[in-house]
$ cat coords22.tsv   # TSV, C-alpha atoms and all ligand atoms
chain	number	residue	atom	x	y	z
A	1	MET	CA	50.31	-40.11	-3.82
A	2	LEU	CA	48.96	-36.64	-4.75
A	3	THR	CA	50.42	-34.06	-2.36
A	4	ASP	CA	51.38	-30.36	-2.11
A	5	MET	CA	55.15	-31.00	-1.82
A	6	LYS	CA	55.82	-28.06	0.54
A	7	GLY	CA	58.05	-30.05	2.89
A	8	ILE	CA	59.93	-31.67	0.02
A	9	LEU	CA	60.62	-28.30	-1.63
A	10	SER	CA	61.96	-26.89	1.66
A	11	ASN	CA	64.18	-29.95	1.97
A	12	ALA	CA	65.37	-29.40	-1.61
A	13	VAL	CA	66.43	-25.83	-0.77
A	14	LYS	CA	68.25	-27.05	2.33
A	15	LYS	CA	69.98	-29.98	0.65
A	16	LYS	CA	70.55	-28.16	-2.68
A	17	TYR	CA	68.74	-30.40	-5.11
A	18	ALA	CA	65.76	-29.74	-7.38
A	19	ILE	CA	62.48	-31.37	-8.25
A	20	GLY	CA	61.53	-31.48	-11.90
A	21	LEU	CA	58.30	-30.04	-13.23
A	22	PHE	CA	57.64	-32.00	-16.39
A	23	ASN	CA	54.86	-30.69	-18.62
A	24	ILE	CA	52.37	-33.38	-19.57
A	25	MET	CA	50.46	-33.43	-22.86
A	26	ASN	CA	48.39	-36.59	-22.82
A	27	LEU	CA	47.78	-39.86	-21.02
A	28	GLU	CA	50.89	-41.58	-22.40
A	29	TRP	CA	53.30	-38.82	-21.29
A	30	THR	CA	51.74	-38.65	-17.86
A	31	LYS	CA	52.03	-42.41	-17.40
A	32	ALA	CA	55.65	-42.43	-18.61
A	33	ILE	CA	56.71	-39.60	-16.29
A	34	LEU	CA	54.97	-41.19	-13.30
A	35	GLU	CA	56.52	-44.60	-14.01
A	36	VAL	CA	60.06	-43.22	-14.14
A	37	HIS	CA	59.61	-41.42	-10.83
A	38	GLN	CA	58.10	-44.49	-9.22
A	39	GLU	CA	61.05	-46.55	-10.43
A	40	LYS	CA	63.54	-43.97	-9.12
A	41	ASN	CA	61.50	-43.38	-5.97
A	42	THR	CA	61.64	-39.60	-6.46
A	43	PRO	CA	58.99	-36.84	-6.15
A	44	VAL	CA	57.62	-35.17	-9.26
A	45	ILE	CA	55.61	-32.12	-10.28
A	46	LEU	CA	53.36	-32.62	-13.30
A	47	GLY	CA	52.78	-29.31	-15.07
A	48	VAL	CA	49.76	-28.55	-17.23
A	49	SER	CA	49.32	-25.32	-19.14
A	50	GLU	CA	45.88	-23.81	-19.71
A	51	LYS	CA	46.03	-24.79	-23.39
A	52	THR	CA	46.98	-28.38	-22.60
A	53	ALA	CA	44.25	-28.67	-19.97
A	54	LYS	CA	41.79	-27.61	-22.66
A	55	TYR	CA	43.36	-30.02	-25.17
A	56	MET	CA	43.06	-32.92	-22.71
A	57	GLY	CA	39.40	-32.18	-22.08
A	58	GLY	CA	39.49	-29.80	-19.11
A	59	TYR	CA	40.81	-29.54	-15.54
A	60	ASN	CA	38.57	-32.33	-14.22
A	61	THR	CA	39.79	-34.72	-16.91
A	62	VAL	CA	43.42	-33.87	-16.15
A	63	PHE	CA	42.89	-34.32	-12.43
A	64	SER	CA	41.04	-37.62	-12.86
A	65	THR	CA	43.67	-38.92	-15.29
A	66	VAL	CA	46.49	-38.20	-12.86
A	67	ALA	CA	44.57	-39.49	-9.82
A	68	GLY	CA	43.52	-42.61	-11.74
A	69	LEU	CA	47.05	-43.40	-12.87
A	70	ILE	CA	48.39	-42.92	-9.35
A	71	LYS	CA	45.83	-45.41	-8.06
A	72	ASP	CA	46.01	-47.97	-10.87
A	73	LEU	CA	49.81	-47.95	-11.10
A	74	SER	CA	50.21	-47.87	-7.27
A	75	ILE	CA	52.41	-44.77	-7.46
A	76	ASN	CA	53.52	-44.11	-3.90
A	77	THR	CA	56.11	-41.47	-4.57
A	78	PRO	CA	54.86	-37.86	-4.01
A	79	VAL	CA	53.18	-36.25	-7.02
A	80	THR	CA	52.05	-32.64	-7.34
A	81	LEU	CA	49.70	-31.57	-10.09
A	82	MET	CA	50.35	-27.94	-10.99
A	83	LEU	CA	48.63	-25.54	-13.33
A	84	ASP	CA	51.55	-23.95	-15.22
A	85	HIS	CA	51.36	-20.22	-16.13
A	86	GLY	CA	47.70	-19.84	-15.26
A	87	SER	CA	45.54	-16.74	-15.45
A	88	TYR	CA	43.54	-15.71	-12.36
A	89	GLU	CA	40.41	-17.56	-13.63
A	90	ALA	CA	42.35	-20.64	-14.68
A	91	CYS	CA	43.88	-20.88	-11.19
A	92	GLN	CA	40.38	-20.87	-9.65
A	93	ASN	CA	39.21	-23.56	-12.09
A	94	ALA	CA	42.23	-25.77	-11.48
A	95	LEU	CA	41.82	-25.45	-7.71
A	96	ASP	CA	38.12	-26.30	-8.06
A	97	ALA	CA	39.11	-29.49	-9.89
A	98	GLY	CA	41.50	-30.49	-7.08
A	99	PHE	CA	44.93	-29.45	-8.41
A	100	THR	CA	47.47	-29.51	-5.58
A	101	SER	CA	49.26	-26.39	-6.83
A	102	VAL	CA	48.88	-23.51	-9.23
A	103	MET	CA	51.32	-21.13	-10.82
A	104	PHE	CA	49.67	-17.76	-11.21
A	105	ASP	CA	51.47	-15.85	-13.95
A	106	GLY	CA	50.89	-12.17	-13.38
A	107	SER	CA	54.36	-11.31	-14.64
A	108	GLU	CA	53.13	-8.99	-17.39
A	109	LEU	CA	50.89	-7.02	-15.03
A	110	PRO	CA	52.03	-3.96	-13.07
A	111	ILE	CA	53.61	-5.25	-9.86
A	112	GLU	CA	50.81	-3.89	-7.63
A	113	GLU	CA	48.24	-5.85	-9.65
A	114	ASN	CA	50.42	-8.96	-9.67
A	115	VAL	CA	50.73	-8.70	-5.87
A	116	ARG	CA	46.98	-8.17	-5.38
A	117	LEU	CA	45.92	-11.12	-7.53
A	118	THR	CA	48.67	-13.43	-6.23
A	119	SER	CA	47.60	-12.61	-2.69
A	120	ASP	CA	43.98	-13.52	-3.49
A	121	ILE	CA	44.99	-16.85	-5.03
A	122	VAL	CA	47.29	-17.66	-2.12
A	123	LYS	CA	44.39	-17.18	0.35
A	124	ARG	CA	42.10	-19.40	-1.71
A	125	ALA	CA	44.73	-22.10	-2.41
A	126	HIS	CA	46.02	-22.33	1.15
A	127	LYS	CA	42.47	-22.92	2.43
A	128	GLN	CA	42.50	-26.23	0.56
A	129	GLY	CA	46.17	-27.03	1.26
A	130	ALA	CA	47.38	-26.23	-2.27
A	131	LEU	CA	50.62	-24.40	-3.09
A	132	VAL	CA	51.05	-21.28	-5.19
A	133	GLU	CA	53.91	-20.17	-7.42
A	134	ALA	CA	54.12	-16.61	-8.72
A	135	GLU	CA	56.37	-14.91	-11.25
A	136	VAL	CA	58.32	-11.68	-11.08
A	137	GLY	CA	60.24	-10.22	-14.01
A	138	ILE	CA	59.31	-12.12	-17.19
A	139	VAL	CA	60.64	-15.45	-18.41
A	140	GLY	CA	61.39	-14.95	-22.12
A	141	ILE	CA	59.94	-16.98	-24.96
A	142	VAL	CA	60.92	-18.06	-28.47
A	143	LYS	CA	57.90	-18.19	-30.78
A	144	ASP	CA	58.00	-18.58	-34.57
A	145	SER	CA	61.80	-18.08	-34.38
A	146	ILE	CA	61.30	-14.63	-32.78
A	147	VAL	CA	63.05	-14.24	-29.44
A	148	ASN	CA	61.52	-12.24	-26.63
A	149	TYR	CA	64.23	-12.05	-23.98
A	150	GLY	CA	61.75	-11.34	-21.17
A	151	LYS	CA	62.54	-9.09	-18.22
A	152	ILE	CA	65.06	-9.57	-15.43
A	153	ALA	CA	63.40	-9.59	-12.00
A	154	SER	CA	64.19	-7.00	-9.36
A	155	PRO	CA	64.86	-8.21	-5.79
A	156	LYS	CA	62.53	-5.45	-4.51
A	157	GLU	CA	59.60	-6.83	-6.53
A	158	CYS	CA	60.48	-10.38	-5.45
A	159	ILE	CA	60.11	-9.27	-1.82
A	160	GLN	CA	56.74	-7.64	-2.59
A	161	ILE	CA	55.49	-10.90	-4.12
A	162	ILE	CA	56.76	-13.18	-1.37
A	163	GLU	CA	54.99	-11.01	1.20
A	164	THR	CA	51.74	-12.45	-0.24
A	165	GLY	CA	52.66	-15.79	1.36
A	166	VAL	CA	53.43	-17.43	-1.98
A	167	ASP	CA	55.18	-20.82	-1.73
A	168	ILE	CA	57.44	-20.80	-4.81
A	169	LEU	CA	58.98	-17.91	-6.72
A	170	SER	CA	59.73	-17.87	-10.44
A	171	ALA	CA	62.02	-14.93	-11.23
A	172	GLY	CA	63.19	-13.87	-14.66
A	173	ILE	CA	66.97	-14.37	-14.63
A	174	GLY	CA	67.58	-14.44	-18.38
A	175	ASN	CA	65.83	-17.82	-18.82
A	176	ILE	CA	63.68	-18.40	-21.89
A	177	HIS	CA	60.94	-20.89	-22.80
A	178	GLY	CA	61.60	-22.88	-25.95
A	179	ILE	CA	64.86	-23.28	-27.86
A	180	TYR	CA	67.60	-20.91	-26.66
A	181	PRO	CA	68.97	-18.65	-29.41
A	182	ASP	CA	72.65	-19.04	-30.39
A	183	ASP	CA	73.49	-15.59	-29.03
A	184	TRP	CA	71.93	-16.28	-25.60
A	185	ASN	CA	74.10	-14.90	-22.78
A	186	GLY	CA	73.26	-17.57	-20.22
A	187	LEU	CA	71.56	-17.22	-16.85
A	188	SER	CA	72.23	-14.07	-14.87
A	189	PHE	CA	73.82	-15.46	-11.73
A	190	ASP	CA	74.45	-11.98	-10.28
A	191	VAL	CA	70.68	-11.40	-10.30
A	192	LEU	CA	70.01	-14.88	-8.91
A	193	SER	CA	72.43	-14.22	-6.08
A	194	ASP	CA	70.74	-10.89	-5.18
A	195	ILE	CA	67.29	-12.49	-5.33
A	196	LYS	CA	68.39	-15.43	-3.21
A	197	LYS	CA	69.62	-12.98	-0.54
A	198	ALA	CA	66.24	-11.23	-0.66
A	199	VAL	CA	64.02	-14.34	-0.54
A	200	GLY	CA	66.01	-16.46	1.93
A	201	HIS	CA	64.82	-20.07	2.08
A	202	LEU	CA	61.81	-19.69	-0.22
A	203	PRO	CA	62.01	-22.31	-3.00
A	204	MET	CA	62.71	-20.78	-6.41
A	205	ALA	CA	61.68	-22.19	-9.79
A	206	LEU	CA	63.72	-22.11	-12.98
A	207	HIS	CA	61.49	-22.05	-16.05
A	208	GLY	CA	62.78	-22.76	-19.55
A	209	GLY	CA	64.79	-25.75	-18.31
A	210	SER	CA	65.31	-27.22	-21.81
A	211	GLY	CA	68.60	-26.37	-23.45
A	212	ILE	CA	70.41	-24.80	-20.48
A	213	SER	CA	73.81	-26.50	-20.07
A	214	ASP	CA	74.15	-29.11	-17.31
A	215	LYS	CA	76.84	-26.93	-15.73
A	216	GLU	CA	74.51	-23.91	-15.45
A	217	ILE	CA	71.62	-26.05	-14.19
A	218	LYS	CA	73.81	-27.50	-11.42
A	219	LYS	CA	75.12	-24.05	-10.52
A	220	ALA	CA	71.58	-22.62	-10.39
A	221	ILE	CA	70.48	-25.48	-8.10
A	222	SER	CA	73.42	-24.91	-5.79
A	223	TRP	CA	72.43	-21.19	-5.72
A	224	GLY	CA	68.86	-21.80	-4.53
A	225	ILE	CA	66.79	-23.17	-7.43
A	226	ALA	CA	64.62	-26.03	-6.08
A	227	LYS	CA	62.32	-26.66	-9.06
A	228	VAL	CA	63.27	-26.87	-12.73
A	229	ASN	CA	60.60	-26.83	-15.48
A	230	VAL	CA	61.12	-28.95	-18.59
A	231	SER	CA	58.85	-29.17	-21.62
A	232	THR	CA	60.46	-28.40	-25.00
A	233	GLU	CA	63.09	-31.14	-24.66
A	234	LEU	CA	60.34	-33.72	-24.12
A	235	GLN	CA	58.40	-32.48	-27.14
A	236	ILE	CA	61.42	-32.56	-29.46
A	237	GLY	CA	62.57	-35.99	-28.23
A	238	PHE	CA	59.10	-37.52	-28.50
A	239	THR	CA	58.46	-36.28	-32.04
A	240	LYS	CA	61.96	-37.11	-33.33
A	241	SER	CA	61.65	-40.75	-32.19
A	242	ILE	CA	58.26	-41.17	-33.83
A	243	ARG	CA	59.50	-39.55	-37.02
A	244	LYS	CA	62.34	-42.12	-37.14
A	245	TYR	CA	59.80	-44.93	-36.69
A	246	ILE	CA	57.79	-43.62	-39.63
A	247	GLU	CA	60.85	-42.91	-41.80
A	248	GLU	CA	61.90	-46.52	-41.24
A	249	LYS	CA	58.40	-47.46	-42.49
A	250	LYS	CA	57.69	-49.42	-39.33
A	251	ASP	CA	54.15	-48.08	-39.38
A	252	LEU	CA	53.64	-50.07	-42.59
A	253	THR	CA	54.44	-53.42	-40.96
A	254	GLU	CA	51.73	-55.64	-39.52
A	255	LYS	CA	50.28	-53.91	-36.42
A	256	GLY	CA	52.89	-51.15	-36.94
A	257	SER	CA	50.17	-48.53	-37.29
A	258	ASP	CA	48.59	-49.43	-33.94
A	259	PRO	CA	49.05	-46.21	-31.92
A	260	ARG	CA	50.39	-48.28	-29.03
A	261	HIS	CA	53.33	-49.31	-31.25
A	262	LEU	CA	53.61	-45.97	-33.04
A	263	LEU	CA	53.94	-43.98	-29.81
A	264	LYS	CA	56.26	-46.46	-28.09
A	265	PRO	CA	59.57	-44.95	-29.32
A	266	GLY	CA	58.38	-41.49	-28.25
A	267	ILE	CA	57.45	-42.77	-24.81
A	268	SER	CA	60.83	-44.51	-24.39
A	269	THR	CA	62.56	-41.23	-25.26
A	270	ILE	CA	60.46	-39.31	-22.72
A	271	LYS	CA	61.41	-41.86	-20.08
A	272	SER	CA	65.10	-41.62	-20.82
A	273	ILE	CA	65.10	-37.77	-20.85
A	274	VAL	CA	63.21	-37.68	-17.53
A	275	ALA	CA	65.58	-40.22	-15.94
A	276	LYS	CA	68.60	-38.10	-16.99
A	277	LYS	CA	66.99	-34.95	-15.56
A	278	ILE	CA	66.32	-36.63	-12.21
A	279	GLN	CA	70.03	-37.42	-12.04
A	280	LEU	CA	71.07	-33.93	-13.19
A	281	PHE	CA	68.79	-32.23	-10.66
A	282	GLY	CA	70.06	-34.53	-7.89
A	283	THR	CA	66.42	-35.15	-6.90
A	284	GLN	CA	66.52	-36.93	-3.56
A	285	GLN	CA	64.77	-40.25	-3.13
A	286	ILE	CA	61.83	-40.52	-0.76
A	287	SER	CA	62.29	-42.60	2.34
A	288	HIS	CA	59.20	-44.69	3.02
A	289	PRO	CA	58.52	-45.72	6.61
A	290	LYS	CA	59.27	-49.41	7.08
A	291	ILE	CA	56.21	-51.59	7.52
A	292	CYS	CA	56.89	-54.20	10.23
B	301	LIG	P1	60.90	-25.32	-21.75
B	301	LIG	O1	59.79	-25.63	-22.69
B	301	LIG	O2	61.84	-24.32	-22.30
B	301	LIG	O3	61.57	-26.54	-21.24
B	301	LIG	O4	60.23	-24.60	-20.48
B	301	LIG	C1	59.27	-25.27	-19.74
B	301	LIG	C2	58.64	-24.36	-18.76
B	301	LIG	O5	59.26	-23.52	-18.20
B	301	LIG	C3	57.20	-24.56	-18.49
B	301	LIG	O6	56.72	-23.63	-17.60
$ encode --input "coords22.tsv" --output "structure tokens"
Amino acid sequence: MLTDMKGILSNAVKKKYAIGLFNIMNLEWTKAILEVHQEKNTPVILGVSEKTAKYMGGYNTVFSTVAGLIKDLSINTPVTLMLDHGSYEACQNALDAGFTSVMFDGSELPIEENVRLTSDIVKRAHKQGALVEAEVGIVGIVKDSIVNYGKIASPKECIQIIETGVDILSAGIGNIHGIYPDDWNGLSFDVLSDIKKAVGHLPMALHGGSGISDKEIKKAISWGIAKVNVSTELQIGFTKSIRKYIEEKKDLTEKGSDPRHLLKPGISTIKSIVAKKIQLFGTQQISHPKIC
């Protein structure tokens, strides 16, 4: 069931659990992530970056793939399809294709510009019942072993952004995309606490969810984080499992080079990582009305 997840996110804030955003890369990952959530009866947010949308063929292909899988696999747990870190134009394109949420990333713009563009996207998205996430401060990134620590968000700027009517807030609290460096100081809980006071019950997202200790993830969720984004851990796990398959020369056995066999260990790893995250995030099961 493709939905906006607004009610579920509010419930997550109230009951102190989180919903995972798992970045998808292809058909197999999408299917695996959906199947685990169906089995666990938990809601899920599928995240797609601009680059991945292009890689998969475009926003319409991504939307049709997700909608098709939901129908063919009879997925009846709530699913949100979100554009992850989109530009202004990408948000419009994703909404045109039917995405149920978009994350507009104006974090590197001056705050006034970020507010203006976020506000525009909120108006457009809400007209079609889609949700919007915006970012304040900057979530860091590790690229080619170079660490950019990002920028810690200010509660004042968080308030400016939430006045646009945005549904989810991503605030830089020392979190980083990619593999955390050894000298990383951890999440800034003092900042999270100040932001939480400023934003009240608005659901907050924690990006860079791979590699943060379970203890810090649980603490962040109990302090107001209702959505945790995970990508790098899936990528590493997937590739490592397939490398083992090849190193064991299983691809050289009869039918071993069939991509359905080759990708299988990677898919199993994705499923087991996602299942562990659902448990770590305490994602609440969905109660379906009883059919008499
Ligand atoms: P990681 O790749 O660090 O898990 O971060 C994912 C993310 O935040 C996507 O927006």
$ closest_residue --input "coords22.tsv" --among "A:Asn148, A:Gln92, A:Ser268, A:Thr283" --to "Ala125 (chain A)" --atoms "all atoms listed in the file"
A:Gln92
$ residues_near_ligand --input "coords22.tsv" --ligand "ligand LIG 301 (chain B)" --cutoff "9 Å" --atoms "all atoms listed in the file" --output "number ranges by chain"
A: 21-23, 47-49, 84-85, 139, 141-142, 175-180, 205-212, 228-235
$ closest_residue --input "coords22.tsv" --among "A:Asn26, A:Ser213, A:Thr118, A:Ser287" --to "Val62 (chain A)" --atoms "all atoms listed in the file"
A:Asn26
$ residues_near_point --input "coords22.tsv" --point "(54.1, -16.2, -5.4)" --cutoff "7 Å" --atoms "only C-alpha atoms" --output "ChimeraX atom specification"
/A:118,132-135,161-162,164-169
$ axis_aligned_box --input "coords22.tsv" --around "region 68-87 of chain A" --padding-each-side "3 Å" --output "JSON"
{"center_x": 49.8, "center_y": -32.4, "center_z": -10.0, "size_x": 18.6, "size_y": 37.2, "size_z": 18.2}
$ atom_distance --input "coords22.tsv" --atom1 "CA of Pro78 (chain A)" --atom2 "CA of Leu2 (chain A)"
6.1 Å
$ atom_distance --input "coords22.tsv" --atom1 "CA of Asp144 (chain A)" --atom2 "CA of Ser107 (chain A)"
21.5 Å
$ atom_distance --input "coords22.tsv" --atom1 "CA of Lys156 (chain A)" --atom2 "CA of Gly137 (chain A)"
10.9 Å
$ closest_residue --input "coords22.tsv" --among "A:Trp184, A:Tyr59, A:Phe99, A:Trp223" --to "Gln128 (chain A)" --atoms "all atoms listed in the file"
A:Phe99
$ residues_around --input "coords22.tsv" --residues "Ser101 (chain A)" --least-positions-apart "5" --cutoff "6 Å" --atoms "all atoms listed in the file" --output "MDAnalysis selection string"
chainID A and resid 82 130:132
$ closest_residue --input "coords22.tsv" --among "A:Ser272, A:Ser241, A:Gln160, A:Ser145" --to "Arg116 (chain A)" --atoms "only C-alpha atoms"
A:Gln160
$ residues_around --input "coords22.tsv" --residues "Ala97 (chain A)" --least-positions-apart "2" --cutoff "10 Å" --atoms "only C-alpha atoms" --output "PyMOL selection string"
chain A and resi 58-64+91-95+99-100
$ closest_residue --input "coords22.tsv" --among "A:Val147, A:Leu81, A:Val36, A:Ile121" --to "Gly98 (chain A)" --atoms "all atoms listed in the file"
A:Leu81
$ residues_around --input "coords22.tsv" --residues "Ile286 (chain A)" --least-positions-apart "2" --cutoff "8 Å" --atoms "all atoms listed in the file" --output "PyMOL selection string"
chain A and resi 41-43+77+284+288
$ residues_around --input "coords22.tsv" --residues "Val136 (chain A)" --least-positions-apart "3" --cutoff "7 Å" --atoms "only C-alpha atoms" --output "ChimeraX atom specification"
/A:107,153,157-158,170-172
$ closest_residue --input "coords22.tsv" --among "A:Ile138, A:Ala53, A:Ile19, A:Ile8" --to "Ile111 (chain A)" --atoms "only C-alpha atoms"
A:Ile138
$ residues_around --input "coords22.tsv" --residues "Leu9 (chain A)" --least-positions-apart "3" --cutoff "9 Å" --atoms "all atoms listed in the file" --output "VMD selection string"
chain A and resid 5 to 6 12 to 14 18 to 19 168 202 to 203 226 to 227
$ closest_atom_pairs --input "coords22.tsv" --of "region 45-97 of chain A" --to "region 30-34 of chain A" --cutoff "8 Å" --atoms "only C-alpha atoms" --output "tab-separated table"
residue	atom	partner	partner_atom	distance
A:Leu46	CA	A:Thr30	CA	7.7
A:Val66	CA	A:Thr30	CA	7.3
A:Leu69	CA	A:Lys31	CA	6.8
A:Ile70	CA	A:Leu34	CA	7.9
A:Ile75	CA	A:Leu34	CA	7.3
$ write_last_selection --input "coords22.tsv" --atoms "C-alpha atoms" --output "short mmCIF file (atom, residue, chain, number, x, y, z; two decimals), in the frame of the given file"
data_model
loop_
_atom_site.label_atom_id
_atom_site.label_comp_id
_atom_site.auth_asym_id
_atom_site.auth_seq_id
_atom_site.Cartn_x
_atom_site.Cartn_y
_atom_site.Cartn_z
CA LEU A 46 53.36 -32.62 -13.30
CA VAL A 66 46.49 -38.20 -12.86
CA LEU A 69 47.05 -43.40 -12.87
CA ILE A 70 48.39 -42.92 -9.35
CA ILE A 75 52.41 -44.77 -7.46
#
